[in-house]
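Engineer: Sharing protein07.pdb below, PDB, C-alpha atoms:
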```
MODEL        1
ATOM      1  CA  MET A   1      98.778 133.125 124.728  1.00  0.00           C
ATOM      2  CA  THR A   2      99.782 135.720 127.349  1.00  0.00           C
ATOM      3  CA  THR A   3     102.150 138.657 126.742  1.00  0.00           C
ATOM      4  CA  GLU A   4     104.696 136.874 128.934  1.00  0.00           C
ATOM      5  CA  GLY A   5     104.277 133.733 126.828  1.00  0.00           C
ATOM      6  CA  THR A   6     104.761 135.780 123.648  1.00  0.00           C
ATOM      7  CA  GLN A   7     107.925 137.353 125.100  1.00  0.00           C
ATOM      8  CA  LYS A   8     109.289 133.901 126.023  1.00  0.00           C
ATOM      9  CA  MET A   9     108.655 132.704 122.471  1.00  0.00           C
ATOM     10  CA  ARG A  10     110.429 135.761 121.069  1.00  0.00           C
ATOM     11  CA  ASP A  11     113.498 134.877 123.169  1.00  0.00           C
ATOM     12  CA  GLN A  12     113.614 131.338 121.780  1.00  0.00           C
ATOM     13  CA  PRO A  13     116.854 130.183 120.173  1.00  0.00           C
ATOM     14  CA  ARG A  14     116.783 129.454 116.424  1.00  0.00           C
ATOM     15  CA  GLY A  15     118.222 126.549 114.419  1.00  0.00           C
ATOM     16  CA  PHE A  16     118.903 123.269 116.246  1.00  0.00           C
ATOM     17  CA  GLY A  17     118.151 124.999 119.538  1.00  0.00           C
ATOM     18  CA  ASN A  18     114.626 125.831 118.440  1.00  0.00           C
ATOM     19  CA  PRO A  19     112.309 124.297 121.076  1.00  0.00           C
ATOM     20  CA  TRP A  20     109.732 123.238 118.438  1.00  0.00           C
ATOM     21  CA  LEU A  21     112.429 121.286 116.563  1.00  0.00           C
ATOM     22  CA  GLN A  22     113.483 119.725 119.870  1.00  0.00           C
ATOM     23  CA  LEU A  23     109.835 118.811 120.555  1.00  0.00           C
ATOM     24  CA  GLY A  24     109.766 117.022 117.173  1.00  0.00           C
ATOM     25  CA  LEU A  25     112.985 115.148 118.012  1.00  0.00           C
ATOM     26  CA  SER A  26     111.600 114.188 121.399  1.00  0.00           C
ATOM     27  CA  VAL A  27     108.418 112.816 119.776  1.00  0.00           C
ATOM     28  CA  ALA A  28     110.432 110.837 117.183  1.00  0.00           C
ATOM     29  CA  CYS A  29     112.550 109.214 119.917  1.00  0.00           C
ATOM     30  CA  VAL A  30     109.436 108.318 121.949  1.00  0.00           C
ATOM     31  CA  LEU A  31     107.789 106.839 118.838  1.00  0.00           C
ATOM     32  CA  VAL A  32     110.655 104.401 118.161  1.00  0.00           C
ATOM     33  CA  SER A  33     111.152 103.598 121.856  1.00  0.00           C
ATOM     34  CA  GLU A  34     107.468 102.571 122.266  1.00  0.00           C
ATOM     35  CA  PHE A  35     107.894  99.825 119.624  1.00  0.00           C
ATOM     36  CA  LEU A  36     111.235  98.695 121.078  1.00  0.00           C
ATOM     37  CA  LEU A  37     109.833  98.546 124.629  1.00  0.00           C
ATOM     38  CA  LYS A  38     106.810  96.494 123.635  1.00  0.00           C
ATOM     39  CA  ARG A  39     108.956  94.019 121.656  1.00  0.00           C
ATOM     40  CA  GLY A  40     111.578  93.848 124.392  1.00  0.00           C
ATOM     41  CA  ALA A  41     109.005  93.405 127.188  1.00  0.00           C
ATOM     42  CA  THR A  42     107.207  90.655 125.241  1.00  0.00           C
ATOM     43  CA  GLU A  43     110.485  88.830 124.541  1.00  0.00           C
ATOM     44  CA  ILE A  44     111.382  88.379 128.195  1.00  0.00           C
ATOM     45  CA  ALA A  45     107.853  88.226 129.672  1.00  0.00           C
ATOM     46  CA  GLU A  46     107.601  86.028 132.806  1.00  0.00           C
ATOM     47  CA  PRO A  47     103.953  86.405 133.855  1.00  0.00           C
ATOM     48  CA  ASP A  48     104.302  83.820 136.649  1.00  0.00           C
ATOM     49  CA  SER A  49     107.060  85.696 138.426  1.00  0.00           C
ATOM     50  CA  ALA A  50     105.842  88.159 141.088  1.00  0.00           C
ATOM     51  CA  PHE A  51     109.107  90.124 140.683  1.00  0.00           C
ATOM     52  CA  SER A  52     108.276  90.870 137.034  1.00  0.00           C
ATOM     53  CA  TRP A  53     105.568  93.351 138.173  1.00  0.00           C
ATOM     54  CA  THR A  54     108.413  95.769 138.876  1.00  0.00           C
ATOM     55  CA  GLY A  55     109.492  95.580 135.210  1.00  0.00           C
ATOM     56  CA  ILE A  56     113.156  95.396 136.238  1.00  0.00           C
ATOM     57  CA  ASN A  57     113.578  91.994 134.548  1.00  0.00           C
ATOM     58  CA  GLY A  58     112.915  93.893 131.270  1.00  0.00           C
ATOM     59  CA  LEU A  59     116.555  94.989 131.460  1.00  0.00           C
ATOM     60  CA  GLU A  60     117.528  91.504 130.233  1.00  0.00           C
ATOM     61  CA  SER A  61     116.423  92.495 126.727  1.00  0.00           C
ATOM     62  CA  PRO A  62     118.857  94.472 124.507  1.00  0.00           C
ATOM     63  CA  LEU A  63     115.851  96.089 122.813  1.00  0.00           C
ATOM     64  CA  VAL A  64     114.829  97.577 126.168  1.00  0.00           C
ATOM     65  CA  TRP A  65     118.326  99.085 126.515  1.00  0.00           C
ATOM     66  CA  TRP A  66     118.048 100.672 123.050  1.00  0.00           C
ATOM     67  CA  ALA A  67     114.654 102.007 124.080  1.00  0.00           C
ATOM     68  CA  ILE A  68     116.158 103.425 127.292  1.00  0.00           C
ATOM     69  CA  LEU A  69     118.841 105.198 125.222  1.00  0.00           C
ATOM     70  CA  LEU A  70     116.150 106.791 123.051  1.00  0.00           C
ATOM     71  CA  ILE A  71     114.091 107.697 126.119  1.00  0.00           C
ATOM     72  CA  VAL A  72     117.107 109.466 127.656  1.00  0.00           C
ATOM     73  CA  ALA A  73     117.638 111.396 124.372  1.00  0.00           C
ATOM     74  CA  SER A  74     113.946 112.291 124.246  1.00  0.00           C
ATOM     75  CA  PHE A  75     114.042 113.312 127.919  1.00  0.00           C
ATOM     76  CA  ILE A  76     116.937 115.738 127.343  1.00  0.00           C
ATOM     77  CA  SER A  77     115.076 117.300 124.390  1.00  0.00           C
ATOM     78  CA  TRP A  78     111.912 117.442 126.507  1.00  0.00           C
ATOM     79  CA  LEU A  79     113.660 119.272 129.373  1.00  0.00           C
ATOM     80  CA  TYR A  80     114.929 121.805 126.837  1.00  0.00           C
ATOM     81  CA  VAL A  81     111.378 122.252 125.493  1.00  0.00           C
ATOM     82  CA  LEU A  82     110.042 122.825 129.033  1.00  0.00           C
ATOM     83  CA  ARG A  83     112.461 125.702 129.473  1.00  0.00           C
ATOM     84  CA  TYR A  84     110.710 127.676 126.720  1.00  0.00           C
ATOM     85  CA  VAL A  85     107.183 126.293 126.226  1.00  0.00           C
ATOM     86  CA  PRO A  86     104.309 126.140 128.781  1.00  0.00           C
ATOM     87  CA  LEU A  87     103.471 122.602 129.928  1.00  0.00           C
ATOM     88  CA  THR A  88      99.792 123.145 129.006  1.00  0.00           C
ATOM     89  CA  VAL A  89     100.887 123.590 125.356  1.00  0.00           C
ATOM     90  CA  ALA A  90     103.952 121.329 125.102  1.00  0.00           C
ATOM     91  CA  TYR A  91     102.475 118.171 126.633  1.00  0.00           C
ATOM     92  CA  PRO A  92      99.257 118.000 124.549  1.00  0.00           C
ATOM     93  CA  LEU A  93     101.353 118.662 121.393  1.00  0.00           C
ATOM     94  CA  SER A  94     103.734 115.839 122.334  1.00  0.00           C
ATOM     95  CA  ARG A  95     100.768 113.426 122.127  1.00  0.00           C
ATOM     96  CA  VAL A  96     101.011 113.650 118.324  1.00  0.00           C
ATOM     97  CA  VAL A  97     102.819 110.361 118.914  1.00  0.00           C
ATOM     98  CA  ASP A  98      99.394 108.761 119.530  1.00  0.00           C
ATOM     99  CA  VAL A  99      98.494 109.518 115.905  1.00  0.00           C
ATOM    100  CA  LEU A 100     101.892 108.653 114.466  1.00  0.00           C
ATOM    101  CA  VAL A 101     101.985 105.119 115.946  1.00  0.00           C
ATOM    102  CA  PRO A 102      98.779 103.811 114.274  1.00  0.00           C
ATOM    103  CA  LEU A 103      99.441 105.816 111.085  1.00  0.00           C
ATOM    104  CA  GLY A 104     102.964 104.374 110.910  1.00  0.00           C
ATOM    105  CA  CYS A 105     101.583 100.840 111.339  1.00  0.00           C
ATOM    106  CA  TRP A 106      99.018 101.514 108.586  1.00  0.00           C
ATOM    107  CA  MET A 107     101.440 103.079 106.092  1.00  0.00           C
ATOM    108  CA  PHE A 108     104.546 100.939 106.617  1.00  0.00           C
ATOM    109  CA  LEU A 109     103.203  97.652 107.984  1.00  0.00           C
ATOM    110  CA  GLY A 110      99.920  97.583 106.059  1.00  0.00           C
ATOM    111  CA  GLU A 111      97.900  97.110 109.250  1.00  0.00           C
ATOM    112  CA  PHE A 112      94.142  97.650 109.198  1.00  0.00           C
ATOM    113  CA  ILE A 113      92.698 100.733 110.927  1.00  0.00           C
ATOM    114  CA  SER A 114      89.052 100.393 111.993  1.00  0.00           C
ATOM    115  CA  PRO A 115      86.552 103.265 111.434  1.00  0.00           C
ATOM    116  CA  LEU A 116      86.493 103.890 115.220  1.00  0.00           C
ATOM    117  CA  ARG A 117      90.276 104.238 115.240  1.00  0.00           C
ATOM    118  CA  TRP A 118      90.112 106.684 112.285  1.00  0.00           C
ATOM    119  CA  CYS A 119      87.623 108.734 114.351  1.00  0.00           C
ATOM    120  CA  GLY A 120      90.095 108.723 117.249  1.00  0.00           C
ATOM    121  CA  ILE A 121      92.935 109.828 114.967  1.00  0.00           C
ATOM    122  CA  ALA A 122      90.726 112.631 113.589  1.00  0.00           C
ATOM    123  CA  LEU A 123      89.857 113.818 117.122  1.00  0.00           C
ATOM    124  CA  VAL A 124      93.536 113.914 118.140  1.00  0.00           C
ATOM    125  CA  ILE A 125      94.432 115.872 114.968  1.00  0.00           C
ATOM    126  CA  ILE A 126      91.646 118.432 115.586  1.00  0.00           C
ATOM    127  CA  GLY A 127      92.757 118.725 119.226  1.00  0.00           C
ATOM    128  CA  LEU A 128      96.379 119.231 118.165  1.00  0.00           C
ATOM    129  CA  ALA A 129      95.315 121.907 115.667  1.00  0.00           C
ATOM    130  CA  LEU A 130      93.365 123.752 118.393  1.00  0.00           C
ATOM    131  CA  VAL A 131      96.367 123.712 120.734  1.00  0.00           C
ATOM    132  CA  ALA A 132      98.941 124.557 118.044  1.00  0.00           C
ATOM    133  CA  LYS A 133      97.101 127.321 116.154  1.00  0.00           C
ATOM    134  CA  PRO A 134      97.786 130.219 118.584  1.00  0.00           C
ATOM    135  CA  VAL A 135     101.440 129.152 118.761  1.00  0.00           C
ATOM    136  CA  ALA A 136     101.737 129.070 114.955  1.00  0.00           C
ATOM    137  CA  GLN A 137     100.151 132.539 114.703  1.00  0.00           C
ATOM    138  CA  ILE A 138     102.708 133.977 117.144  1.00  0.00           C
ATOM    139  CA  GLU A 139     105.573 132.291 115.250  1.00  0.00           C
ATOM    140  CA  GLU A 140     104.305 133.884 112.026  1.00  0.00           C
ATOM    141  CA  ARG A 141     104.265 137.352 113.610  1.00  0.00           C
ATOM    142  CA  LEU A 142     107.854 137.041 114.932  1.00  0.00           C
TER     143      LEU A 142
ATOM    144  CA  MET B   1      92.226  93.384 135.791  1.00  0.00           C
ATOM    145  CA  SER B   2      93.265  92.793 139.391  1.00  0.00           C
ATOM    146  CA  ILE B   3      93.240  95.453 142.111  1.00  0.00           C
ATOM    147  CA  LEU B   4      97.051  95.324 142.174  1.00  0.00           C
ATOM    148  CA  ALA B   5      97.220  96.064 138.437  1.00  0.00           C
ATOM    149  CA  PHE B   6      94.774  98.991 138.823  1.00  0.00           C
ATOM    150  CA  ILE B   7      96.794 100.432 141.737  1.00  0.00           C
ATOM    151  CA  LEU B   8     100.032 100.110 139.743  1.00  0.00           C
ATOM    152  CA  ILE B   9      98.463 101.865 136.722  1.00  0.00           C
ATOM    153  CA  VAL B  10      97.268 104.729 138.962  1.00  0.00           C
ATOM    154  CA  VAL B  11     100.643 105.014 140.743  1.00  0.00           C
ATOM    155  CA  SER B  12     102.440 104.993 137.373  1.00  0.00           C
ATOM    156  CA  LEU B  13     100.136 107.727 136.008  1.00  0.00           C
ATOM    157  CA  LEU B  14     100.358 109.898 139.133  1.00  0.00           C
ATOM    158  CA  SER B  15     104.145 109.654 139.378  1.00  0.00           C
ATOM    159  CA  PHE B  16     104.385 110.646 135.694  1.00  0.00           C
ATOM    160  CA  VAL B  17     102.095 113.682 136.123  1.00  0.00           C
ATOM    161  CA  VAL B  18     103.855 114.903 139.292  1.00  0.00           C
ATOM    162  CA  ALA B  19     107.266 114.375 137.625  1.00  0.00           C
ATOM    163  CA  GLN B  20     106.248 116.604 134.672  1.00  0.00           C
ATOM    164  CA  LEU B  21     105.140 119.414 137.009  1.00  0.00           C
ATOM    165  CA  ILE B  22     108.342 119.199 139.056  1.00  0.00           C
ATOM    166  CA  LEU B  23     110.549 119.129 135.937  1.00  0.00           C
ATOM    167  CA  LYS B  24     108.765 122.152 134.457  1.00  0.00           C
ATOM    168  CA  ARG B  25     109.355 124.063 137.711  1.00  0.00           C
ATOM    169  CA  ALA B  26     113.001 122.939 137.707  1.00  0.00           C
ATOM    170  CA  MET B  27     113.527 124.194 134.140  1.00  0.00           C
ATOM    171  CA  GLU B  28     111.910 127.545 134.997  1.00  0.00           C
ATOM    172  CA  ILE B  29     114.390 127.888 137.876  1.00  0.00           C
ATOM    173  CA  SER B  30     117.292 126.921 135.595  1.00  0.00           C
ATOM    174  CA  ALA B  31     116.286 129.629 133.106  1.00  0.00           C
ATOM    175  CA  THR B  32     116.794 132.343 135.729  1.00  0.00           C
ATOM    176  CA  ASN B  33     119.361 130.838 138.138  1.00  0.00           C
ATOM    177  CA  GLY B  34     121.418 128.560 135.874  1.00  0.00           C
ATOM    178  CA  LEU B  35     122.013 124.803 135.890  1.00  0.00           C
ATOM    179  CA  ARG B  36     124.207 124.803 139.042  1.00  0.00           C
ATOM    180  CA  ASN B  37     121.448 126.139 141.299  1.00  0.00           C
ATOM    181  CA  SER B  38     120.871 123.696 144.182  1.00  0.00           C
ATOM    182  CA  ARG B  39     117.067 124.028 144.017  1.00  0.00           C
ATOM    183  CA  PHE B  40     117.132 123.186 140.292  1.00  0.00           C
ATOM    184  CA  ILE B  41     119.343 120.146 140.915  1.00  0.00           C
ATOM    185  CA  SER B  42     117.174 118.772 143.748  1.00  0.00           C
ATOM    186  CA  LEU B  43     113.917 119.286 141.814  1.00  0.00           C
ATOM    187  CA  ALA B  44     115.398 117.743 138.653  1.00  0.00           C
ATOM    188  CA  LEU B  45     116.580 114.703 140.647  1.00  0.00           C
ATOM    189  CA  ILE B  46     113.129 114.232 142.231  1.00  0.00           C
ATOM    190  CA  GLY B  47     111.526 114.554 138.770  1.00  0.00           C
ATOM    191  CA  VAL B  48     113.913 111.999 137.254  1.00  0.00           C
ATOM    192  CA  ALA B  49     113.323 109.597 140.186  1.00  0.00           C
ATOM    193  CA  LEU B  50     109.538 109.807 139.705  1.00  0.00           C
ATOM    194  CA  MET B  51     109.898 109.306 135.930  1.00  0.00           C
ATOM    195  CA  THR B  52     112.035 106.213 136.644  1.00  0.00           C
ATOM    196  CA  VAL B  53     109.358 104.781 138.978  1.00  0.00           C
ATOM    197  CA  SER B  54     106.707 105.405 136.297  1.00  0.00           C
ATOM    198  CA  PHE B  55     108.943 103.839 133.600  1.00  0.00           C
ATOM    199  CA  PHE B  56     109.572 100.567 135.445  1.00  0.00           C
ATOM    200  CA  LEU B  57     105.943 100.227 136.525  1.00  0.00           C
ATOM    201  CA  THR B  58     104.885 100.686 132.878  1.00  0.00           C
ATOM    202  CA  LEU B  59     107.445  98.086 131.795  1.00  0.00           C
ATOM    203  CA  GLY B  60     106.022  95.636 134.357  1.00  0.00           C
ATOM    204  CA  LEU B  61     102.468  96.341 133.163  1.00  0.00           C
ATOM    205  CA  LEU B  62     103.476  95.915 129.493  1.00  0.00           C
ATOM    206  CA  GLN B  63     104.522  92.347 130.274  1.00  0.00           C
ATOM    207  CA  ARG B  64     100.923  91.526 131.214  1.00  0.00           C
ATOM    208  CA  PHE B  65      98.787  93.855 129.120  1.00  0.00           C
ATOM    209  CA  ASP B  66      98.789  94.994 125.488  1.00  0.00           C
ATOM    210  CA  LEU B  67     100.071  98.464 124.694  1.00  0.00           C
ATOM    211  CA  SER B  68      96.596  99.243 123.334  1.00  0.00           C
ATOM    212  CA  TYR B  69      95.089  98.374 126.727  1.00  0.00           C
ATOM    213  CA  LEU B  70      97.417 100.689 128.666  1.00  0.00           C
ATOM    214  CA  TYR B  71      97.217 103.573 126.189  1.00  0.00           C
ATOM    215  CA  PRO B  72      93.861 105.023 127.365  1.00  0.00           C
ATOM    216  CA  PHE B  73      95.481 105.710 130.734  1.00  0.00           C
ATOM    217  CA  GLN B  74      98.253 107.620 128.956  1.00  0.00           C
ATOM    218  CA  GLY B  75      95.491 109.576 127.217  1.00  0.00           C
ATOM    219  CA  LEU B  76      94.177 110.662 130.603  1.00  0.00           C
ATOM    220  CA  SER B  77      97.604 112.069 131.449  1.00  0.00           C
ATOM    221  CA  VAL B  78      96.983 114.884 128.886  1.00  0.00           C
ATOM    222  CA  ILE B  79      94.016 116.179 130.887  1.00  0.00           C
ATOM    223  CA  PHE B  80      95.673 115.649 134.276  1.00  0.00           C
ATOM    224  CA  ILE B  81      98.842 117.490 133.238  1.00  0.00           C
ATOM    225  CA  ALA B  82      97.004 120.419 131.623  1.00  0.00           C
ATOM    226  CA  VAL B  83      94.714 120.900 134.647  1.00  0.00           C
ATOM    227  CA  THR B  84      97.425 120.491 137.298  1.00  0.00           C
ATOM    228  CA  ALA B  85      99.826 122.781 135.367  1.00  0.00           C
ATOM    229  CA  ALA B  86      97.112 125.456 135.362  1.00  0.00           C
ATOM    230  CA  ILE B  87      96.456 125.021 139.108  1.00  0.00           C
ATOM    231  CA  VAL B  88      99.961 124.383 140.465  1.00  0.00           C
ATOM    232  CA  LEU B  89     102.158 126.307 137.986  1.00  0.00           C
ATOM    233  CA  LYS B  90      99.540 129.030 137.331  1.00  0.00           C
ATOM    234  CA  GLU B  91      99.781 128.511 133.564  1.00  0.00           C
ATOM    235  CA  LYS B  92      97.020 130.095 131.487  1.00  0.00           C
ATOM    236  CA  LEU B  93      94.470 127.514 130.330  1.00  0.00           C
ATOM    237  CA  SER B  94      92.289 129.106 127.634  1.00  0.00           C
ATOM    238  CA  LEU B  95      89.002 127.659 126.393  1.00  0.00           C
ATOM    239  CA  ARG B  96      90.750 126.666 123.152  1.00  0.00           C
ATOM    240  CA  LEU B  97      93.466 124.777 125.084  1.00  0.00           C
ATOM    241  CA  ILE B  98      90.853 122.992 127.207  1.00  0.00           C
ATOM    242  CA  ALA B  99      88.900 121.967 124.091  1.00  0.00           C
ATOM    243  CA  GLY B 100      92.089 120.796 122.349  1.00  0.00           C
ATOM    244  CA  THR B 101      93.228 118.833 125.401  1.00  0.00           C
ATOM    245  CA  VAL B 102      89.850 117.091 125.830  1.00  0.00           C
ATOM    246  CA  LEU B 103      89.716 116.186 122.108  1.00  0.00           C
ATOM    247  CA  ILE B 104      93.256 114.765 122.221  1.00  0.00           C
ATOM    248  CA  SER B 105      92.424 112.667 125.304  1.00  0.00           C
ATOM    249  CA  ALA B 106      89.171 111.400 123.784  1.00  0.00           C
ATOM    250  CA  GLY B 107      90.992 110.625 120.526  1.00  0.00           C
ATOM    251  CA  VAL B 108      93.730 108.671 122.312  1.00  0.00           C
ATOM    252  CA  VAL B 109      91.099 106.593 124.139  1.00  0.00           C
ATOM    253  CA  LEU B 110      89.242 105.871 120.860  1.00  0.00           C
ATOM    254  CA  VAL B 111      92.445 104.949 119.020  1.00  0.00           C
ATOM    255  CA  SER B 112      93.393 102.440 121.702  1.00  0.00           C
ATOM    256  CA  MET B 113      89.897 100.989 122.192  1.00  0.00           C
ATOM    257  CA  SER B 114      89.274 100.045 118.589  1.00  0.00           C
TER     258      SER B 114
ENDMDL
END
```
Can you turn what I pasted into structure tokens?

Structural biologist:
Amino acid sequence: MTTEGTQKMRDQPRGFGNPWLQLGLSVACVLVSEFLLKRGATEIAEPDSAFSWTGINGLESPLVWWAILLIVASFISWLYVLRYVPLTVAYPLSRVVDVLVPLGCWMFLGEFISPLRWCGIALVIIGLALVAKPVAQIEERL
Amino acid sequence: MSILAFILIVVSLLSFVVAQLILKRAMEISATNGLRNSRFISLALIGVALMTVSFFLTLGLLQRFDLSYLYPFQGLSVIFIAVTAAIVLKEKLSLRLIAGTVLISAGVVLVSMS
């Protein structure tokens, strides 16, 4: 992390305005919206219609509207995060959602996770740790 | 997968990556010039428009393909965004960040393939 990056982190607001908390909120909203979008899109799927490639017919589903609401909330949090955190750090960290989706299905829905998928989850977690460690060290020093 | 589907996946991915870069630039401008700055407003609007294009294309693709099929392409966005942010926005990309980004992308692909 550069000196400029360290200075930016020192200037970060605390409490609800903390960009790391906002990143967590953004991830949580994306997580729920992914499930809602898939269910909503499946509900109103019209594979024979050429117009449905645009995805606009998805707006017929109330679940898609709930997902849009969550996406807007996540987007506002994300913009706030971008104000304080470099994109090269914030975006990879936001992909924690790729671990949370299968883990959530395993823990709460009792779905099976294959050994290959466990390997993928492990790789994402190691990658996240590599990206997050310098950030955590700076936070500790502040 | 048809050629049309492949083109739509690529367009969706590219519009998402470009939108992230533009929004990051917009938020940097807002930090120094405030939220009423005309350059911030125009960049933010372009970013939102590109995100909207990406969103509806993804919604259209989700009607034909499983989420698990489309997810590997989202995994690639991690690498694309990290590399383009380093080149276009001049952000520092350390060896550790590169390794972390590649592992996350590979992990996302594995999770969705299995």

Engineer: For the structure shown, which residues end up in the PyMOL selection byres ((chain B) within 6 of (chain A))? Put them as a PyMOL selection string, please?

Structural biologist: chain B and resi 24+27-28+56-57+59-60+63+78+82+97+100+103-104+107+110-111+114

Engineer: Would you list the contacts of range 70-74 of chain B as a tab-separated table (two decimals) with C-alpha atoms, keeping the file's coordinate frame, taking every protein, DNA or RNA residue within 10 Å and counting all atoms listed in the file, but skipping same-chain residues closer than 3 positions in sequence?

Structural biologist:
```
chain	number	residue	atom	x	y	z
A	95	ARG	CA	100.77	113.43	122.13
A	98	ASP	CA	99.39	108.76	119.53
B	9	ILE	CA	98.46	101.86	136.72
B	10	VAL	CA	97.27	104.73	138.96
B	12	SER	CA	102.44	104.99	137.37
B	13	LEU	CA	100.14	107.73	136.01
B	16	PHE	CA	104.38	110.65	135.69
B	58	THR	CA	104.88	100.69	132.88
B	61	LEU	CA	102.47	96.34	133.16
B	62	LEU	CA	103.48	95.92	129.49
B	65	PHE	CA	98.79	93.86	129.12
B	66	ASP	CA	98.79	94.99	125.49
B	67	LEU	CA	100.07	98.46	124.69
B	77	SER	CA	97.60	112.07	131.45
B	78	VAL	CA	96.98	114.88	128.89
B	79	ILE	CA	94.02	116.18	130.89
B	80	PHE	CA	95.67	115.65	134.28
B	105	SER	CA	92.42	112.67	125.30
B	106	ALA	CA	89.17	111.40	123.78
B	107	GLY	CA	90.99	110.62	120.53
B	108	VAL	CA	93.73	108.67	122.31
B	109	VAL	CA	91.10	106.59	124.14
B	110	LEU	CA	89.24	105.87	120.86
B	111	VAL	CA	92.44	104.95	119.02
B	112	SER	CA	93.39	102.44	121.70
B	113	MET	CA	89.90	100.99	122.19
```

Engineer: Closest to Val53 in chain B among B:Leu8, B:Ala26, B:Val102, B:Leu95, using all atoms listed in the file?

Structural biologist: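 Result for the nearest residue to Val53 in chain B: B:Leu8.
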
Engineer: Tell me, in Å to one decimal, how far CA of Ala67 in chain A is from CA of Met51 in chain B.

Structural biologist: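 Separation of CA of Ala67 in chain A and CA of Met51 in chain B: 14.7 Å.
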
Engineer: Interatomic distance between CA of Ile81 in chain B and CA of Ala5 in chain B?

Structural biologist: 22.1 Å

Engineer: One decimal, in Å: what's the spacing between CA of Gln12 in chain A and CA of Ala49 in chain B?

Structural biologist: 28.5 Å

Engineer: Around (111.1, 114.3, 139.6), as given in the file, which residues come within 8 Å? Count only C-alpha atoms and list them as a PyMOL selection string.

Structural biologist: chain B and resi 18-20+22-23+43-51

Engineer: Which one is closest to Leu89 in chain B: B:Arg25, B:Ala31, B:Leu4, B:Ser15? Count only C-alpha atoms.

Structural biologist: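 Distance minimum relative to Leu89 in chain B lands on B:Arg25.
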
Engineer: Please return the centre and edge lengths, in Å to one decimal, of a box with edges along x, y and z that contains all listed atoms of range 80-86 of chain B, widened by 8 Å on every side, as lines of an AutoDock Vina configuration file.

Structural biologist:
```
center_x = 97.3
center_y = 120.6
center_z = 134.5
size_x = 21.1
size_y = 25.8
size_z = 21.7
```

Engineer: Can range 81-94 of chain B be brought up to N, CA and C atoms and written out as a short mmCIF file (atom, residue, chain, number, x, y, z; two decimals), in the frame of the given file?

Structural biologist:
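What landed in result.cif:
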```cif
data_model
loop_
_atom_site.label_atom_id
_atom_site.label_comp_id
_atom_site.auth_asym_id
_atom_site.auth_seq_id
_atom_site.Cartn_x
_atom_site.Cartn_y
_atom_site.Cartn_z
N ILE B 81 97.70 116.57 133.28
CA ILE B 81 98.84 117.49 133.24
C ILE B 81 98.39 118.92 132.93
N ALA B 82 97.47 119.07 131.98
CA ALA B 82 97.00 120.42 131.62
C ALA B 82 96.32 121.08 132.83
N VAL B 83 95.46 120.33 133.51
CA VAL B 83 94.71 120.90 134.65
C VAL B 83 95.65 121.21 135.82
N THR B 84 96.53 120.26 136.16
CA THR B 84 97.42 120.49 137.30
C THR B 84 98.46 121.59 137.00
N ALA B 85 98.89 121.70 135.72
CA ALA B 85 99.83 122.78 135.37
C ALA B 85 99.15 124.14 135.54
N ALA B 86 97.86 124.20 135.20
CA ALA B 86 97.11 125.46 135.36
C ALA B 86 96.96 125.79 136.85
N ILE B 87 96.69 124.77 137.68
CA ILE B 87 96.46 125.02 139.11
C ILE B 87 97.78 125.25 139.85
N VAL B 88 98.72 124.34 139.67
CA VAL B 88 99.96 124.38 140.46
C VAL B 88 100.96 125.41 139.91
N LEU B 89 101.15 125.42 138.58
CA LEU B 89 102.16 126.31 137.99
C LEU B 89 101.57 127.64 137.53
N LYS B 90 100.25 127.79 137.72
CA LYS B 90 99.54 129.03 137.33
C LYS B 90 99.67 129.33 135.84
N GLU B 91 99.74 128.29 135.01
CA GLU B 91 99.78 128.51 133.56
C GLU B 91 98.39 128.85 133.08
N LYS B 92 98.33 129.68 132.01
CA LYS B 92 97.02 130.10 131.49
C LYS B 92 96.41 128.94 130.68
N LEU B 93 95.17 128.60 131.04
CA LEU B 93 94.47 127.51 130.33
C LEU B 93 93.24 128.12 129.64
N SER B 94 93.40 128.48 128.36
CA SER B 94 92.29 129.11 127.63
C SER B 94 91.25 128.05 127.26
#
```
